[in-house]
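Next comes upload.cif, a file with mmCIF, C-alpha atoms and all ligand atoms.
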```cif
data_data
loop_
_atom_site.label_atom_id
_atom_site.label_comp_id
_atom_site.auth_asym_id
_atom_site.auth_seq_id
_atom_site.Cartn_x
_atom_site.Cartn_y
_atom_site.Cartn_z
CA MET B 1156 -0.08 -8.94 14.59
CA SER B 1157 -3.34 -10.61 13.62
CA ALA B 1158 -5.45 -9.73 10.64
CA VAL B 1159 -8.89 -8.27 10.86
CA ASN B 1160 -11.67 -10.65 10.04
CA VAL B 1161 -14.42 -8.26 9.06
CA THR B 1162 -18.11 -8.97 8.94
CA LEU B 1163 -19.59 -6.10 7.02
CA GLN B 1164 -22.95 -4.84 8.12
CA PRO B 1165 -23.53 -1.80 5.96
CA ARG B 1166 -26.32 0.57 6.84
CA PRO B 1167 -29.08 0.00 4.26
CA ASP B 1168 -29.02 3.66 3.18
CA LEU B 1169 -25.24 3.86 2.97
CA ASP B 1170 -23.59 2.02 0.09
CA ALA B 1171 -19.90 1.33 0.75
CA SER B 1172 -19.20 0.67 -2.93
CA VAL B 1173 -16.92 3.25 -4.56
CA ASP B 1174 -17.74 1.69 -7.92
CA HIS B 1175 -21.44 2.37 -7.38
CA ALA B 1176 -20.60 5.97 -6.48
CA ILE B 1177 -18.56 6.35 -9.68
CA GLN B 1178 -21.24 4.73 -11.85
CA ALA B 1179 -23.81 7.13 -10.35
CA ILE B 1180 -21.56 10.12 -11.11
CA VAL B 1181 -21.10 8.99 -14.71
CA ALA B 1182 -24.84 8.30 -15.09
CA GLY B 1183 -25.59 11.81 -13.81
CA SER B 1184 -27.60 10.60 -10.82
CA SER B 1185 -25.01 11.91 -8.32
CA THR B 1186 -23.67 15.43 -7.97
CA ALA B 1187 -20.32 14.19 -6.61
CA SER B 1188 -17.24 14.34 -8.82
CA THR B 1189 -14.58 11.85 -9.81
CA CYS B 1190 -11.01 12.40 -11.02
CA THR B 1191 -11.83 10.55 -14.24
CA THR B 1192 -14.96 9.06 -15.74
CA ASP B 1193 -12.73 6.27 -17.14
CA LEU B 1194 -13.03 4.69 -13.69
CA ALA B 1195 -16.51 3.56 -14.68
CA THR B 1196 -15.00 1.28 -17.34
CA GLY B 1197 -13.80 -2.27 -16.72
CA PRO B 1198 -10.04 -2.38 -16.01
CA TRP B 1199 -9.53 -4.84 -18.88
CA ASP B 1200 -9.89 -1.84 -21.22
CA PHE B 1201 -6.55 -0.58 -19.84
CA ASP B 1202 -4.68 -3.79 -19.09
CA THR B 1203 -2.91 -4.01 -22.41
CA ARG B 1204 -1.68 -0.40 -22.35
CA PRO B 1205 1.35 0.81 -20.43
CA GLY B 1206 0.21 2.92 -17.49
CA TYR B 1207 -1.53 2.54 -14.18
CA GLY B 1208 -5.00 3.14 -15.60
CA PRO B 1209 -7.58 5.56 -14.28
CA GLY B 1210 -7.46 6.69 -10.65
CA SER B 1211 -5.07 8.51 -8.39
CA SER B 1212 -1.79 7.38 -9.96
CA MET B 1213 -2.79 7.61 -13.62
CA GLY B 1214 -0.28 10.44 -14.13
CA ASP B 1215 2.65 8.45 -12.70
CA VAL B 1216 5.24 6.90 -14.99
CA ILE B 1217 5.00 3.11 -15.19
CA PRO B 1218 8.40 1.36 -15.40
CA THR B 1219 9.35 -0.45 -18.57
CA GLY B 1220 8.81 -4.14 -18.11
CA ALA B 1221 6.05 -3.77 -15.51
CA PRO B 1222 3.87 -6.89 -15.59
CA ARG B 1223 0.90 -6.71 -17.95
CA GLN B 1224 -2.28 -8.67 -17.60
CA GLY B 1225 -3.36 -10.78 -20.55
CA GLU B 1226 -6.89 -10.52 -21.86
CA LEU B 1227 -9.62 -11.53 -19.45
CA PRO B 1228 -12.03 -13.99 -21.14
CA ALA B 1229 -15.23 -12.36 -22.38
CA GLU B 1230 -17.47 -14.38 -20.06
CA TYR B 1231 -15.92 -12.49 -17.12
CA ARG B 1232 -15.79 -9.11 -18.82
CA GLU B 1233 -19.43 -9.32 -19.82
CA ALA B 1234 -20.86 -10.82 -16.63
CA SER B 1235 -23.04 -8.63 -14.42
CA GLU B 1236 -22.01 -7.72 -10.87
CA GLU B 1237 -24.65 -10.14 -9.54
CA GLU B 1238 -23.47 -13.00 -11.76
CA LEU B 1239 -19.84 -12.52 -10.73
CA ASP B 1240 -20.86 -12.44 -7.09
CA VAL B 1241 -22.65 -15.79 -7.46
CA ARG B 1242 -19.74 -17.33 -9.39
CA VAL B 1243 -17.13 -16.22 -6.86
CA ARG B 1244 -19.19 -17.55 -3.97
CA ALA B 1245 -19.72 -20.88 -5.76
CA ALA B 1246 -16.02 -21.28 -6.58
CA LYS B 1247 -15.03 -20.42 -3.00
CA ALA B 1248 -17.55 -22.91 -1.63
CA THR B 1249 -16.17 -25.64 -3.90
CA LEU B 1250 -12.57 -24.87 -2.96
CA GLY B 1251 -13.30 -24.62 0.77
CA ASP B 1252 -10.14 -24.61 2.89
CA ARG B 1253 -7.97 -25.13 -0.19
CA VAL B 1254 -7.98 -21.36 -0.79
CA VAL B 1255 -7.67 -18.21 1.33
CA VAL B 1256 -8.81 -14.90 -0.15
CA LEU B 1257 -7.14 -11.78 1.26
CA GLY B 1258 -8.55 -8.27 0.71
CA HIS B 1259 -6.60 -5.08 1.32
CA PHE B 1260 -8.27 -2.17 3.14
CA TYR B 1261 -8.18 -0.18 -0.13
CA GLN B 1262 -9.76 -2.89 -2.25
CA ARG B 1263 -13.15 -2.52 -3.97
CA GLU B 1264 -16.14 -3.43 -1.88
CA GLU B 1265 -17.36 -5.96 -4.47
CA VAL B 1266 -14.10 -7.88 -3.94
CA VAL B 1267 -13.71 -7.31 -0.20
CA VAL B 1268 -17.06 -8.98 0.50
CA HIS B 1269 -15.45 -12.25 -0.65
CA ALA B 1270 -12.30 -11.86 1.46
CA ASP B 1271 -11.62 -14.21 4.36
CA TYR B 1272 -9.42 -11.50 5.85
CA VAL B 1273 -9.35 -7.74 5.40
CA GLY B 1274 -6.35 -5.76 6.59
CA ASP B 1275 -3.17 -3.92 5.64
CA SER B 1276 -0.49 -5.62 3.60
CA PHE B 1277 1.49 -7.03 6.50
CA GLN B 1278 -1.56 -8.13 8.47
CA LEU B 1279 -2.74 -10.01 5.40
CA ALA B 1280 0.61 -11.70 4.81
CA ASN B 1281 0.44 -12.87 8.42
CA ALA B 1282 -3.15 -14.02 8.00
CA ALA B 1283 -1.97 -16.34 5.27
CA LEU B 1284 0.37 -17.95 7.82
CA GLU B 1285 -2.69 -19.10 9.75
CA HIS B 1286 -3.60 -21.32 6.80
CA PRO B 1287 -0.49 -23.44 6.13
CA ASP B 1288 -2.63 -26.13 4.51
CA ALA B 1289 -4.27 -23.85 1.95
CA GLU B 1290 -3.01 -24.63 -1.56
CA ALA B 1291 -3.59 -21.11 -2.82
CA ILE B 1292 -3.58 -17.61 -1.37
CA VAL B 1293 -5.49 -15.18 -3.57
CA PHE B 1294 -4.17 -11.72 -2.71
CA CYS B 1295 -6.61 -8.98 -3.68
CA GLY B 1296 -4.10 -6.18 -3.26
CA VAL B 1297 -1.12 -5.09 -5.35
CA HIS B 1298 2.05 -6.75 -6.59
CA PHE B 1299 4.45 -6.06 -3.68
CA MET B 1300 1.84 -7.40 -1.24
CA ALA B 1301 1.59 -10.69 -3.12
CA GLU B 1302 5.39 -10.89 -3.11
CA THR B 1303 5.46 -10.41 0.68
CA ALA B 1304 2.84 -13.13 1.10
CA ASP B 1305 5.00 -15.40 -1.06
CA LEU B 1306 8.04 -14.64 1.13
CA LEU B 1307 6.14 -15.63 4.26
CA SER B 1308 4.11 -18.58 2.95
CA ARG B 1309 5.18 -22.18 2.46
CA PRO B 1310 6.93 -22.96 -0.86
CA GLU B 1311 4.12 -25.29 -1.98
CA GLN B 1312 1.50 -22.57 -1.55
CA ALA B 1313 0.66 -20.57 -4.67
CA VAL B 1314 0.19 -16.84 -4.09
CA ILE B 1315 -2.07 -15.44 -6.78
CA LEU B 1316 -2.54 -11.80 -7.81
CA PRO B 1317 -5.83 -11.76 -9.75
CA ASN B 1318 -4.70 -8.96 -12.10
CA LEU B 1319 -0.96 -8.78 -12.85
CA ALA B 1320 -1.30 -5.12 -13.79
CA ALA B 1321 -2.11 -4.28 -10.16
CA GLY B 1322 1.28 -2.78 -9.30
CA CYS B 1323 1.92 0.13 -6.94
CA SER B 1324 3.20 3.38 -8.37
CA MET B 1325 4.99 4.23 -5.12
CA ALA B 1326 6.81 0.89 -4.97
CA ASP B 1327 7.74 1.33 -8.64
CA MET B 1328 9.45 4.67 -7.86
CA ALA B 1329 12.44 2.82 -6.36
CA SER B 1330 13.84 0.27 -8.82
CA ILE B 1331 16.66 -2.05 -7.77
CA ASP B 1332 18.99 -0.53 -10.38
CA GLU B 1333 18.38 2.99 -9.06
CA VAL B 1334 18.91 1.90 -5.47
CA GLU B 1335 22.16 0.04 -6.31
CA GLU B 1336 23.39 3.16 -8.13
CA CYS B 1337 22.48 5.36 -5.17
CA TRP B 1338 24.40 3.00 -2.84
CA GLU B 1339 27.52 3.28 -5.00
CA GLN B 1340 27.34 7.06 -5.04
CA LEU B 1341 26.87 7.17 -1.27
CA ALA B 1342 29.96 4.97 -0.86
CA ASP B 1343 31.94 7.53 -2.90
CA VAL B 1344 30.89 10.25 -0.47
CA LEU B 1345 30.70 8.40 2.87
CA GLY B 1346 33.43 5.76 2.45
CA ASP B 1347 33.13 2.02 3.01
CA LEU B 1348 29.47 1.53 3.88
CA ASP B 1349 30.05 -1.84 5.59
CA THR B 1350 32.74 -0.73 8.06
CA PRO B 1351 31.61 0.60 11.47
CA ASP B 1352 33.34 3.65 12.97
CA ALA B 1353 34.87 3.87 16.47
CA ASP B 1354 31.34 4.04 17.94
CA GLY B 1355 30.33 0.84 16.14
CA LEU B 1356 28.08 2.71 13.68
CA VAL B 1357 28.14 2.13 9.92
CA PRO B 1358 27.77 5.22 7.67
CA VAL B 1359 24.22 4.39 6.51
CA ILE B 1360 21.47 1.85 7.19
CA PRO B 1361 18.97 1.24 4.38
CA VAL B 1362 15.34 1.16 5.49
CA THR B 1363 12.57 0.26 3.11
CA TYR B 1364 8.86 0.72 3.57
CA MET B 1365 6.82 -2.45 3.18
CA ASN B 1366 5.49 -0.83 -0.02
CA SER B 1367 8.50 -1.82 -2.10
CA SER B 1368 9.43 -4.70 -4.37
CA ALA B 1369 10.94 -7.92 -3.04
CA ALA B 1370 14.14 -6.94 -4.88
CA ILE B 1371 14.39 -3.80 -2.74
CA LYS B 1372 13.68 -5.76 0.45
CA GLY B 1373 16.42 -8.18 -0.63
CA PHE B 1374 18.85 -5.27 -1.16
CA VAL B 1375 18.08 -4.00 2.33
CA GLY B 1376 18.57 -7.45 3.82
CA ARG B 1377 21.97 -7.80 2.12
CA HIS B 1378 23.16 -4.43 3.43
CA GLY B 1379 22.29 -4.71 7.12
CA GLY B 1380 18.97 -2.92 6.73
CA ILE B 1381 15.37 -3.45 7.68
CA VAL B 1382 11.75 -3.16 6.50
CA CYS B 1383 9.15 -0.93 8.17
CA THR B 1384 5.40 -0.48 8.03
CA SER B 1385 3.46 2.72 8.65
CA SER B 1386 2.66 1.32 12.13
CA ASN B 1387 6.23 0.67 13.27
CA ALA B 1388 8.30 3.24 11.30
CA ARG B 1389 9.48 5.02 14.47
CA THR B 1390 10.61 1.79 16.16
CA VAL B 1391 12.44 0.77 13.00
CA LEU B 1392 14.19 4.14 12.66
CA GLU B 1393 15.32 3.85 16.29
CA TRP B 1394 16.68 0.38 15.47
CA ALA B 1395 18.54 1.85 12.49
CA PHE B 1396 19.98 4.83 14.40
CA ALA B 1397 21.36 2.40 16.99
CA ARG B 1398 23.40 0.83 14.19
CA GLY B 1399 24.17 3.60 11.73
CA ARG B 1400 25.06 7.30 11.47
CA ARG B 1401 22.21 7.91 9.07
CA VAL B 1402 19.35 6.20 7.27
CA LEU B 1403 18.57 5.86 3.58
CA PHE B 1404 14.77 5.66 3.56
CA PHE B 1405 12.76 4.53 0.53
CA PRO B 1406 10.50 4.68 -1.37
CA ASP B 1407 8.09 7.05 0.49
CA GLN B 1408 9.65 10.41 1.33
CA HIS B 1409 6.56 11.44 3.33
CA LEU B 1410 6.51 8.51 5.75
CA GLY B 1411 10.26 8.96 6.24
CA ARG B 1412 10.04 12.72 6.78
CA ASN B 1413 6.96 12.62 9.02
CA THR B 1414 8.43 9.88 11.21
CA ALA B 1415 11.93 11.39 11.50
CA LYS B 1416 10.53 14.87 12.16
CA ALA B 1417 8.42 13.49 15.02
CA MET B 1418 11.64 12.00 16.42
CA GLY B 1419 13.32 15.43 16.38
CA VAL B 1420 15.45 15.10 13.24
CA PRO B 1421 15.79 18.62 11.72
CA LEU B 1422 14.43 19.02 8.18
CA GLU B 1423 17.79 20.36 6.97
CA GLN B 1424 19.31 16.98 7.85
CA MET B 1425 16.83 15.16 5.61
CA PRO B 1426 17.97 15.75 2.03
CA MET B 1427 16.00 14.24 -0.82
CA TRP B 1428 17.52 11.67 -3.18
CA ASN B 1429 16.25 12.07 -6.71
CA PRO B 1430 17.51 9.00 -8.61
CA ARG B 1431 17.57 10.90 -11.90
CA ARG B 1432 20.18 13.42 -10.67
CA PRO B 1433 23.87 13.05 -9.67
CA LEU B 1434 24.19 12.60 -5.89
CA GLY B 1435 20.40 12.54 -5.87
CA GLY B 1436 20.34 16.29 -6.54
CA SER B 1437 22.18 16.91 -3.28
CA ASP B 1438 25.88 17.57 -2.58
CA ALA B 1439 28.59 15.74 -0.65
CA ALA B 1440 28.59 18.11 2.35
CA THR B 1441 24.80 17.87 2.77
CA LEU B 1442 24.90 14.08 2.51
CA ARG B 1443 27.70 13.87 5.09
CA ASP B 1444 25.70 16.07 7.49
CA SER B 1445 22.45 14.15 6.87
CA ARG B 1446 20.55 11.95 9.32
CA VAL B 1447 17.87 10.65 6.94
CA ILE B 1448 18.24 10.58 3.16
CA LEU B 1449 14.72 10.52 1.71
CA TRP B 1450 14.06 8.78 -1.58
CA HIS B 1451 12.03 10.85 -4.01
CA GLY B 1452 8.93 8.64 -3.90
CA PHE B 1453 5.33 9.22 -2.89
CA CYS B 1454 1.87 7.73 -2.95
CA SER B 1455 -0.40 9.43 -5.45
CA VAL B 1456 -3.45 8.63 -3.33
CA HIS B 1457 -2.13 10.35 -0.21
CA ARG B 1458 -0.54 13.20 -2.14
CA ARG B 1459 -4.03 14.37 -3.03
CA PHE B 1460 -4.74 15.55 0.52
CA THR B 1461 -4.16 19.24 1.28
CA VAL B 1462 -4.20 21.68 4.18
CA GLY B 1463 -6.99 23.52 2.32
CA GLN B 1464 -9.20 20.41 2.56
CA ILE B 1465 -8.56 20.25 6.31
CA ASP B 1466 -9.38 23.97 6.70
CA GLN B 1467 -12.61 23.42 4.78
CA ALA B 1468 -13.56 20.40 6.88
CA ARG B 1469 -13.00 22.39 10.08
CA ALA B 1470 -15.03 25.33 8.75
CA GLU B 1471 -17.96 23.16 7.65
CA HIS B 1472 -17.89 20.69 10.56
CA PRO B 1473 -16.95 22.39 13.83
CA GLY B 1474 -15.44 19.84 16.22
CA VAL B 1475 -14.43 17.48 13.36
CA ARG B 1476 -11.63 15.03 14.20
CA VAL B 1477 -9.12 14.94 11.33
CA ILE B 1478 -7.01 11.78 11.00
CA VAL B 1479 -4.61 11.32 8.08
CA HIS B 1480 -2.22 8.62 6.96
CA PRO B 1481 1.54 9.32 7.39
CA GLU B 1482 2.02 8.91 3.62
CA CYS B 1483 0.42 12.38 3.37
CA PRO B 1484 2.69 15.41 2.92
CA MET B 1485 4.20 16.87 6.12
CA GLU B 1486 2.09 20.02 6.16
CA VAL B 1487 -1.09 17.89 5.96
CA VAL B 1488 0.06 15.66 8.82
CA ASP B 1489 0.95 18.80 10.83
CA ALA B 1490 -2.49 20.33 10.22
CA ALA B 1491 -4.38 17.14 11.15
CA ASP B 1492 -5.38 16.19 14.69
CA GLU B 1493 -3.77 12.76 14.39
CA SER B 1494 -1.91 10.66 11.88
CA GLY B 1495 -1.54 6.91 11.72
CA SER B 1496 -1.66 3.76 9.64
CA THR B 1497 -4.86 2.34 8.17
CA ASP B 1498 -5.11 0.09 11.21
CA TYR B 1499 -4.66 3.09 13.52
CA ILE B 1500 -7.45 4.94 11.70
CA ARG B 1501 -9.82 1.98 11.91
CA LYS B 1502 -9.11 1.43 15.61
CA ALA B 1503 -9.44 5.14 16.43
CA ILE B 1504 -12.92 5.20 14.89
CA ALA B 1505 -13.91 1.92 16.54
CA ALA B 1506 -12.78 3.26 19.93
CA ALA B 1507 -14.77 6.53 19.76
CA SER B 1508 -17.54 6.10 22.34
CA GLU B 1509 -19.50 9.26 21.47
CA PRO B 1510 -20.97 10.05 18.02
CA THR B 1511 -18.14 11.91 16.27
CA THR B 1512 -17.51 13.56 12.92
CA PHE B 1513 -14.33 12.20 11.32
CA ALA B 1514 -12.56 13.63 8.28
CA ILE B 1515 -10.16 10.97 7.04
CA GLY B 1516 -7.14 11.37 4.80
CA THR B 1517 -6.68 7.97 3.24
CA GLU B 1518 -7.97 5.89 0.32
CA ILE B 1519 -11.66 6.29 -0.47
CA ASN B 1520 -12.59 2.58 -0.44
CA LEU B 1521 -11.53 2.29 3.20
CA VAL B 1522 -13.22 5.56 4.16
CA GLN B 1523 -16.55 4.57 2.59
CA ARG B 1524 -16.39 1.14 4.21
CA LEU B 1525 -15.72 2.68 7.63
CA ALA B 1526 -18.64 5.06 7.10
CA ALA B 1527 -20.93 2.10 6.40
CA GLN B 1528 -19.52 0.06 9.25
CA PHE B 1529 -19.80 2.80 11.92
CA PRO B 1530 -23.13 4.53 11.21
CA GLN B 1531 -23.14 6.13 14.68
CA HIS B 1532 -20.38 8.47 13.41
CA GLU B 1533 -20.24 10.83 10.47
CA ILE B 1534 -17.19 9.76 8.46
CA PHE B 1535 -16.06 11.35 5.21
CA CYS B 1536 -12.99 11.51 3.03
CA LEU B 1537 -11.04 14.79 3.13
CA ASP B 1538 -10.71 14.67 -0.66
CA PRO B 1539 -14.11 15.63 -2.11
CA VAL B 1540 -13.22 14.01 -5.45
CA VAL B 1541 -13.83 10.26 -5.77
CA CYS B 1542 -10.38 9.05 -6.86
CA PRO B 1543 -9.40 5.55 -5.69
CA CYS B 1544 -5.96 3.93 -5.85
CA SER B 1545 -5.60 3.21 -9.57
CA THR B 1546 -3.74 -0.03 -9.13
CA MET B 1547 -5.86 -1.57 -6.40
CA TYR B 1548 -8.81 -0.79 -8.64
CA ARG B 1549 -7.46 -3.17 -11.26
CA ILE B 1550 -8.69 -6.10 -9.17
CA HIS B 1551 -12.22 -6.23 -10.51
CA PRO B 1552 -14.51 -9.10 -9.35
CA GLY B 1553 -14.20 -10.49 -12.89
CA TYR B 1554 -10.53 -11.29 -12.24
CA LEU B 1555 -11.33 -12.83 -8.88
CA ALA B 1556 -13.94 -15.11 -10.50
CA TRP B 1557 -11.44 -16.00 -13.25
CA VAL B 1558 -8.63 -17.10 -10.89
CA LEU B 1559 -10.96 -18.94 -8.51
CA GLU B 1560 -12.80 -20.86 -11.23
CA ALA B 1561 -9.43 -21.77 -12.74
CA LEU B 1562 -8.36 -23.18 -9.35
CA VAL B 1563 -11.53 -25.27 -9.28
CA ALA B 1564 -10.50 -26.61 -12.70
CA GLY B 1565 -6.95 -27.32 -11.45
CA THR B 1566 -5.19 -24.37 -13.11
CA VAL B 1567 -3.17 -21.67 -11.34
CA HIS B 1568 -3.24 -18.27 -13.04
CA ASN B 1569 -1.02 -15.32 -12.10
CA ARG B 1570 1.24 -16.99 -9.54
CA ILE B 1571 3.69 -14.55 -7.91
CA GLN B 1572 7.02 -16.18 -6.98
CA VAL B 1573 10.06 -14.44 -5.56
CA PRO B 1574 13.34 -16.09 -6.66
CA ALA B 1575 15.36 -17.68 -3.82
CA ASP B 1576 18.37 -15.35 -4.18
CA VAL B 1577 16.06 -12.41 -3.52
CA ALA B 1578 13.74 -14.14 -1.07
CA ASP B 1579 16.41 -15.12 1.48
CA PRO B 1580 17.79 -11.60 2.17
CA ALA B 1581 14.29 -10.09 1.87
CA ARG B 1582 13.10 -12.46 4.62
CA LEU B 1583 16.08 -11.43 6.72
CA ALA B 1584 15.03 -7.76 6.44
CA LEU B 1585 11.48 -8.71 7.45
CA GLU B 1586 12.75 -10.80 10.38
CA ARG B 1587 14.81 -7.84 11.63
CA MET B 1588 11.61 -5.77 11.58
CA LEU B 1589 9.73 -8.41 13.58
CA ALA B 1590 12.53 -8.54 16.14
CA ALA B 1591 12.85 -4.73 16.47
CA ARG B 1592 11.34 -3.51 19.72
CA PRO B 1593 10.65 0.03 20.89
S1 LIG H 1601 -2.51 3.54 -2.07
FE1 LIG H 1601 -0.52 4.33 -2.75
S2 LIG H 1601 1.03 3.05 -1.74
FE2 LIG H 1601 -0.98 1.97 -1.58
S3 LIG H 1601 -1.02 0.59 -3.38
FE3 LIG H 1601 -2.02 2.49 -4.01
S4 LIG H 1601 -0.34 3.72 -4.93
FE4 LIG H 1601 0.61 2.07 -3.74
#
```

Exercise: express the given structure as structure tokens:
Amino acid sequence: MSAVNVTLQPRPDLDASVDHAIQAIVAGSSTASTCTTDLATGPWDFDTRPGYGPGSSMGDVIPTGAPRQGELPAEYREASEEELDVRVRAAKATLGDRVVVLGHFYQREEVVVHADYVGDSFQLANAALEHPDAEAIVFCGVHFMAETADLLSRPEQAVILPNLAAGCSMADMASIDEVEECWEQLADVLGDLDTPDADGLVPVIPVTYMNSSAAIKGFVGRHGGIVCTSSNARTVLEWAFARGRRVLFFPDQHLGRNTAKAMGVPLEQMPMWNPRRPLGGSDAATLRDSRVILWHGFCSVHRRFTVGQIDQARAEHPGVRVIVHPECPMEVVDAADESGSTDYIRKAIAAASEPTTFAIGTEINLVQRLAAQFPQHEIFCLDPVVCPCSTMYRIHPGYLAWVLEALVAGTVHNRIQVPADVADPARLALERMLAARP
């Protein structure tokens, strides 16, 4: 899988910047709405407080001990957008091939313009592999993505997350302690989880979405399990069903449910596991009869999309093509014309030969960028409220300038390193995914 090297050519009258849209809303020069006017403030105002900050996941509970970002020096907080742009370009030019900057599809436009590669988390981790001589990989995404890049990069390469507070509320919904506890409870109900039955199947195979911590990927690797992405979830579930009676899928219940449902698994055989309740809130008989046990996790960005929004889009735009991400709730995926990963959405739009109206159910930064990149189509976000991923939004250009200028001066800020005892089994789970074939 190769990453997407994007050359942005925005239409002059169409600004892809979500930040500009939010600033215009707050200034009163736009009639659009945002989920919170706090988005107009620099993320450093929130870095010292527990919480995900303003945006889609601001209501989610941040785990105790989540990394916090120290104070960003005033020269970066106070610099204008133009000044930061010049400083980032200058630092990148000085560093040359010594650094690779990766930008996630959901990242702010002001940061993405500096990225050498733009893509989803796994595409970007692979892009880093194409630069084995780079000393530093600056990952403009969220924490689990930087961990994955560290797993796949050479030990001497420093993977840098410009703002340590850029976590992922979905990944944080499955902690290693909760997953270990779940595993023990499942063993009480299902018996020895490592011993295959007469058909050669173990009672349960753990499957984790890429959007999970390295500790969770390591757990999966140690217990015969595998990682999946939103592009290969079906292939991975087939791999797991060839080896186990059932699957424990975490952290995203929606990706698990939508994928298993499309494979014909009945909903009544997909109980939810709520880590705060005994037996996940289920019972022994239901767990024994299950095919997929769904962890009680979700993405607060994709949870915002509703069937009502789709109905409205169809009413206002006859012939609209509705594409949503599989992290959306099942009823939204069912009501859409298509569902697929960010890469699927981008390719579907790129492949449309006739001018088309697209209503897209995924993060607003990607939707606005696609709208600017494909002016022959009308492309809009299903959610009428401007509400980006809170955590991705923490990577402001000020942080990018700070880490790059530090590299020029010989200092590495915010290095993300996965300990070896976690990294080895986590890599094994990733390797199983790469080897899995439909
Ligand atoms: S969009 Fe959702 S899954 Fe992706 S980083 Fe943000 S909170 Fe996490």

Interatomic distance (Å, one decimal) between CA of Asp1200 (chain B) and CA of Arg1232 (chain B): 9.7 Å

Check which residues of chain B sit at most 10 Å from ligand LIG 1601 (chain H) using only C-alpha atoms and all ligand atoms, and return one row each with the closest pair of atoms and their distance in Å to one decimal, ordered by chain and rising number, as a Markdown table.
```
| residue | atom | partner | partner_atom | distance |
| --- | --- | --- | --- | --- |
| B:Tyr1207 | CA | H:LIG1601 | S4 | 9.4 |
| B:Gly1210 | CA | H:LIG1601 | FE3 | 9.6 |
| B:Ser1211 | CA | H:LIG1601 | S4 | 7.6 |
| B:Ser1212 | CA | H:LIG1601 | S4 | 6.4 |
| B:Met1213 | CA | H:LIG1601 | S4 | 9.8 |
| B:Asp1215 | CA | H:LIG1601 | S4 | 9.6 |
| B:His1259 | CA | H:LIG1601 | S3 | 9.2 |
| B:Phe1260 | CA | H:LIG1601 | FE2 | 9.6 |
| B:Tyr1261 | CA | H:LIG1601 | S1 | 7.1 |
| B:Gln1262 | CA | H:LIG1601 | S3 | 9.5 |
| B:Asp1275 | CA | H:LIG1601 | FE2 | 9.6 |
| B:Ser1276 | CA | H:LIG1601 | FE2 | 9.2 |
| B:Gly1296 | CA | H:LIG1601 | S3 | 7.4 |
| B:Val1297 | CA | H:LIG1601 | S3 | 6.0 |
| B:His1298 | CA | H:LIG1601 | S3 | 8.6 |
| B:Phe1299 | CA | H:LIG1601 | S3 | 8.6 |
| B:Met1300 | CA | H:LIG1601 | S3 | 8.8 |
| B:Ala1321 | CA | H:LIG1601 | S3 | 8.4 |
| B:Gly1322 | CA | H:LIG1601 | S3 | 7.2 |
| B:Cys1323 | CA | H:LIG1601 | FE4 | 4.0 |
| B:Ser1324 | CA | H:LIG1601 | S4 | 4.9 |
| B:Met1325 | CA | H:LIG1601 | FE4 | 5.1 |
| B:Ala1326 | CA | H:LIG1601 | FE4 | 6.4 |
| B:Asp1327 | CA | H:LIG1601 | FE4 | 8.7 |
| B:Tyr1364 | CA | H:LIG1601 | S2 | 9.7 |
| B:Met1365 | CA | H:LIG1601 | S2 | 9.4 |
| B:Asn1366 | CA | H:LIG1601 | S2 | 6.2 |
| B:Ser1367 | CA | H:LIG1601 | S2 | 8.9 |
| B:Pro1406 | CA | H:LIG1601 | S2 | 9.6 |
| B:Asp1407 | CA | H:LIG1601 | S2 | 8.4 |
| B:Gly1452 | CA | H:LIG1601 | S2 | 9.9 |
| B:Phe1453 | CA | H:LIG1601 | S2 | 7.6 |
| B:Cys1454 | CA | H:LIG1601 | FE1 | 4.2 |
| B:Ser1455 | CA | H:LIG1601 | S4 | 5.7 |
| B:Val1456 | CA | H:LIG1601 | FE1 | 5.2 |
| B:His1457 | CA | H:LIG1601 | FE1 | 6.7 |
| B:Arg1458 | CA | H:LIG1601 | FE1 | 8.9 |
| B:Glu1482 | CA | H:LIG1601 | S2 | 8.0 |
| B:Thr1517 | CA | H:LIG1601 | S1 | 8.1 |
| B:Glu1518 | CA | H:LIG1601 | S1 | 6.4 |
| B:Ile1519 | CA | H:LIG1601 | S1 | 9.7 |
| B:Pro1543 | CA | H:LIG1601 | S1 | 8.0 |
| B:Cys1544 | CA | H:LIG1601 | FE3 | 4.6 |
| B:Ser1545 | CA | H:LIG1601 | FE3 | 6.7 |
| B:Thr1546 | CA | H:LIG1601 | FE3 | 6.0 |
| B:Met1547 | CA | H:LIG1601 | FE3 | 6.1 |
| B:Tyr1548 | CA | H:LIG1601 | FE3 | 8.8 |
```

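If you measure from each of B:Leu1316, B:Leu1279, B:Ala1526, B:Ala1187 to His1568 (chain B) using only C-alpha atoms, the closest one turns out to be B:Leu1316.
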
Polymer residues at most 12 Å from Thr1350 (chain B), all atoms listed in the file, same-chain spacing of 4 or more positions, as a PyMOL selection string: chain B and resi 1342+1345-1346+1354-1360+1378-1379+1398-1400

Atomic distance CA of Ser1185 (chain B) - CA of Ala1171 (chain B), expressed in Å with one decimal: 14.8 Å

Shell around Ile1448 (chain B) at 10 Å using only C-alpha atoms, local window under 3 positions removed, as a PyMOL selection string: chain B and resi 1359+1361+1401-1405+1408+1411-1412+1424-1428+1435+1437+1441-1442+1445+1451

Interatomic distance (Å, one decimal) between CA of Leu1537 (chain B) and CA of Ala1468 (chain B):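 Taking CA of Leu1537 (chain B) as the start and CA of Ala1468 (chain B) as the end point, the length is 7.2 Å.
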
Which of B:Pro1530, B:Gly1220, B:Gly1258, B:Pro1228 sits closest to Ala1505 (chain B) [using all atoms listed in the file]: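 Closest to Ala1505 (chain B), using all atoms listed in the file: B:Pro1530.
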